[in-house]
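*Asks:* Supplied in C-alpha cells, the structure appears directly below.
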Amino acid sequence: MIEGTSHNVREHVISYAFPYSRSAVKRGFGNRGCYMVAERGRTIAVADYNQAVLEASKLGTVPGRWSIDHPSNAHLSGPHNPH
C-alpha cells in the first residue's frame, strides 16, 4: 500500500542481480546478470532494464519505494541509468 492513501495500490520492485550472484545464477543469468521484477511473491527475471519495465507495466502496479524505476531513485547510476 502506498503511504498517504486510503486504498490499496499494488506495487512492484525492479532490482538488478549482478553476474555470478546467487540470484542471477538461480534464474539462469549467471554469466551476465539480470533484472528482476517482483510483485506479490512472484519474481520474473529478464535480460535488460527495458524488458523489466515492460514486464512491470503489464502488472498494473506502481513502483515500490526501493524499485529502480521509482522516481526517487532517478539520480542513481547503474546499468539502467548511466550518468
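Convention: chains lettered A, B, ... in C-alpha cells order; per-chain residue numbering from 1; ligands numbered from 1 as shown.
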Just want the 12 Å neighbourhood of Leu54 (chain A), counted on only C-alpha atoms, with same-chain residues fewer than 6 positions away dropped. Output as a ChimeraX atom specification.
*Replies:* /A:14,35-37,44,46-48,60-61,69
*Asks:* Do a neighbour search on Ala17 (chain A) at 12 Å with only C-alpha atoms, toss out local chain neighbours closer than 5 positions, and write the hits as a PyMOL selection string.
*Replies:* chain A and resi 22-37+44-49+68+78-79
*Asks:* Extract the full set of strand (DSSP E or B) residues from chain A according to DSSP on the backbone, and format it as a list in words.
*Replies:* Glu11, His12, Val13, Ile14, Ser15, Tyr16, Ala17, Cys34, Tyr35, Met36, Val37, Ala38, Glu39, Arg42, Thr43, Ile44, Ala45, Val46, Val62 and Pro63 of chain A
*Asks:* Generate the output file for the selected residues, N, CA and C atoms, as a PDB file, in the first residue's frame.
*Replies:*
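So selection19.pdb came out as:
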```
ATOM      1  N   GLU A  11       2.152  -2.796  -5.719  1.00  0.00           N
ATOM      2  CA  GLU A  11       3.473  -2.299  -6.070  1.00  0.00           C
ATOM      3  C   GLU A  11       4.346  -3.412  -6.628  1.00  0.00           C
ATOM      4  N   HIS A  12       5.281  -3.042  -7.471  1.00  0.00           N
ATOM      5  CA  HIS A  12       6.308  -3.961  -7.948  1.00  0.00           C
ATOM      6  C   HIS A  12       7.664  -3.402  -7.543  1.00  0.00           C
ATOM      7  N   VAL A  13       8.681  -4.247  -7.588  1.00  0.00           N
ATOM      8  CA  VAL A  13      10.053  -3.811  -7.348  1.00  0.00           C
ATOM      9  C   VAL A  13      10.922  -4.383  -8.460  1.00  0.00           C
ATOM     10  N   ILE A  14      11.602  -3.489  -9.169  1.00  0.00           N
ATOM     11  CA  ILE A  14      12.598  -3.903 -10.157  1.00  0.00           C
ATOM     12  C   ILE A  14      13.960  -3.779  -9.481  1.00  0.00           C
ATOM     13  N   SER A  15      14.722  -4.858  -9.527  1.00  0.00           N
ATOM     14  CA  SER A  15      16.058  -4.855  -8.952  1.00  0.00           C
ATOM     15  C   SER A  15      17.033  -5.495  -9.939  1.00  0.00           C
ATOM     16  N   TYR A  16      18.317  -5.340  -9.657  1.00  0.00           N
ATOM     17  CA  TYR A  16      19.344  -5.884 -10.533  1.00  0.00           C
ATOM     18  C   TYR A  16      20.123  -6.950  -9.781  1.00  0.00           C
ATOM     19  N   ALA A  17      20.337  -8.090 -10.413  1.00  0.00           N
ATOM     20  CA  ALA A  17      21.171  -9.154  -9.860  1.00  0.00           C
ATOM     21  C   ALA A  17      22.479  -9.175 -10.637  1.00  0.00           C
ATOM     22  N   CYS A  34      21.016 -10.015 -14.376  1.00  0.00           N
ATOM     23  CA  CYS A  34      19.661  -9.825 -14.895  1.00  0.00           C
ATOM     24  C   CYS A  34      18.904  -8.806 -14.054  1.00  0.00           C
ATOM     25  N   TYR A  35      17.813  -8.366 -14.598  1.00  0.00           N
ATOM     26  CA  TYR A  35      16.872  -7.533 -13.861  1.00  0.00           C
ATOM     27  C   TYR A  35      15.740  -8.425 -13.399  1.00  0.00           C
ATOM     28  N   MET A  36      15.242  -8.156 -12.206  1.00  0.00           N
ATOM     29  CA  MET A  36      14.156  -8.953 -11.659  1.00  0.00           C
ATOM     30  C   MET A  36      12.981  -8.042 -11.339  1.00  0.00           C
ATOM     31  N   VAL A  37      11.792  -8.518 -11.684  1.00  0.00           N
ATOM     32  CA  VAL A  37      10.557  -7.809 -11.375  1.00  0.00           C
ATOM     33  C   VAL A  37       9.816  -8.656 -10.349  1.00  0.00           C
ATOM     34  N   ALA A  38       9.645  -8.107  -9.146  1.00  0.00           N
ATOM     35  CA  ALA A  38       8.975  -8.839  -8.071  1.00  0.00           C
ATOM     36  C   ALA A  38       7.652  -8.163  -7.733  1.00  0.00           C
ATOM     37  N   GLU A  39       6.625  -9.005  -7.551  1.00  0.00           N
ATOM     38  CA  GLU A  39       5.302  -8.500  -7.182  1.00  0.00           C
ATOM     39  C   GLU A  39       4.524  -9.647  -6.551  1.00  0.00           C
ATOM     40  N   ARG A  42       5.972 -13.167  -6.486  1.00  0.00           N
ATOM     41  CA  ARG A  42       6.421 -13.717  -7.775  1.00  0.00           C
ATOM     42  C   ARG A  42       7.583 -12.885  -8.279  1.00  0.00           C
ATOM     43  N   THR A  43       8.548 -13.547  -8.899  1.00  0.00           N
ATOM     44  CA  THR A  43       9.692 -12.837  -9.473  1.00  0.00           C
ATOM     45  C   THR A  43       9.913 -13.307 -10.897  1.00  0.00           C
ATOM     46  N   ILE A  44      10.038 -12.344 -11.797  1.00  0.00           N
ATOM     47  CA  ILE A  44      10.327 -12.603 -13.204  1.00  0.00           C
ATOM     48  C   ILE A  44      11.722 -12.063 -13.475  1.00  0.00           C
ATOM     49  N   ALA A  45      12.586 -12.869 -14.088  1.00  0.00           N
ATOM     50  CA  ALA A  45      13.935 -12.420 -14.445  1.00  0.00           C
ATOM     51  C   ALA A  45      14.003 -12.173 -15.948  1.00  0.00           C
ATOM     52  N   VAL A  46      14.588 -11.041 -16.324  1.00  0.00           N
ATOM     53  CA  VAL A  46      14.741 -10.680 -17.737  1.00  0.00           C
ATOM     54  C   VAL A  46      16.147 -10.148 -17.967  1.00  0.00           C
ATOM     55  N   VAL A  62       2.430  -0.028  -9.439  1.00  0.00           N
ATOM     56  CA  VAL A  62       3.281   1.165  -9.380  1.00  0.00           C
ATOM     57  C   VAL A  62       4.611   0.761  -8.753  1.00  0.00           C
ATOM     58  N   PRO A  63       5.677   1.517  -9.029  1.00  0.00           N
ATOM     59  CA  PRO A  63       6.971   1.173  -8.432  1.00  0.00           C
ATOM     60  C   PRO A  63       6.950   1.320  -6.913  1.00  0.00           C
TER      61      PRO A  63
END
```
*Asks:* One decimal, in Å: what's the spacing between CA of Val9 (chain A) and CA of Pro71 (chain A)?
*Replies:*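 Taking CA of Val9 (chain A) as the start and CA of Pro71 (chain A) as the end point, the length is 16.4 Å.
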*Asks:* If I take CA of Arg10 (chain A) and CA of Arg40 (chain A), how far is one from the other in Å, to one decimal?
*Replies:*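 Interatomic distance, CA of Arg10 (chain A) to CA of Arg40 (chain A): 8.3 Å.
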*Asks:* Can you list every residue in chain A that DSSP puts in helix (DSSP H, G or I), as a PyMOL selection string?
*Replies:* chain A and resi 22-26+49-57+71-73
*Asks:* Got time to write the residues from that selection, C-alpha atoms, as a PDB file, in the first residue's frame?
*Replies:*
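Output contents, as saved in part13.pdb:
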```pdb
ATOM      1  CA  ARG A  22      23.179 -16.280  -6.310  1.00  0.00           C
ATOM      2  CA  SER A  23      20.020 -14.626  -7.671  1.00  0.00           C
ATOM      3  CA  ALA A  24      21.365 -14.364 -11.229  1.00  0.00           C
ATOM      4  CA  VAL A  25      22.688 -17.929 -11.247  1.00  0.00           C
ATOM      5  CA  LYS A  26      19.411 -19.274  -9.842  1.00  0.00           C
ATOM      6  CA  TYR A  49      16.132  -2.965 -17.932  1.00  0.00           C
ATOM      7  CA  ASN A  50      13.752  -2.119 -20.776  1.00  0.00           C
ATOM      8  CA  GLN A  51      12.323  -5.644 -20.641  1.00  0.00           C
ATOM      9  CA  ALA A  52      11.881  -5.303 -16.874  1.00  0.00           C
ATOM     10  CA  VAL A  53       9.944  -2.056 -17.275  1.00  0.00           C
ATOM     11  CA  LEU A  54       7.782  -3.673 -19.963  1.00  0.00           C
ATOM     12  CA  GLU A  55       7.004  -6.664 -17.728  1.00  0.00           C
ATOM     13  CA  ALA A  56       6.197  -4.352 -14.810  1.00  0.00           C
ATOM     14  CA  SER A  57       3.842  -2.303 -16.995  1.00  0.00           C
ATOM     15  CA  PRO A  71      11.065   8.464  -9.283  1.00  0.00           C
ATOM     16  CA  SER A  72      13.069   8.974  -6.066  1.00  0.00           C
ATOM     17  CA  ASN A  73      15.796   6.723  -7.480  1.00  0.00           C
TER      18      ASN A  73
END
```
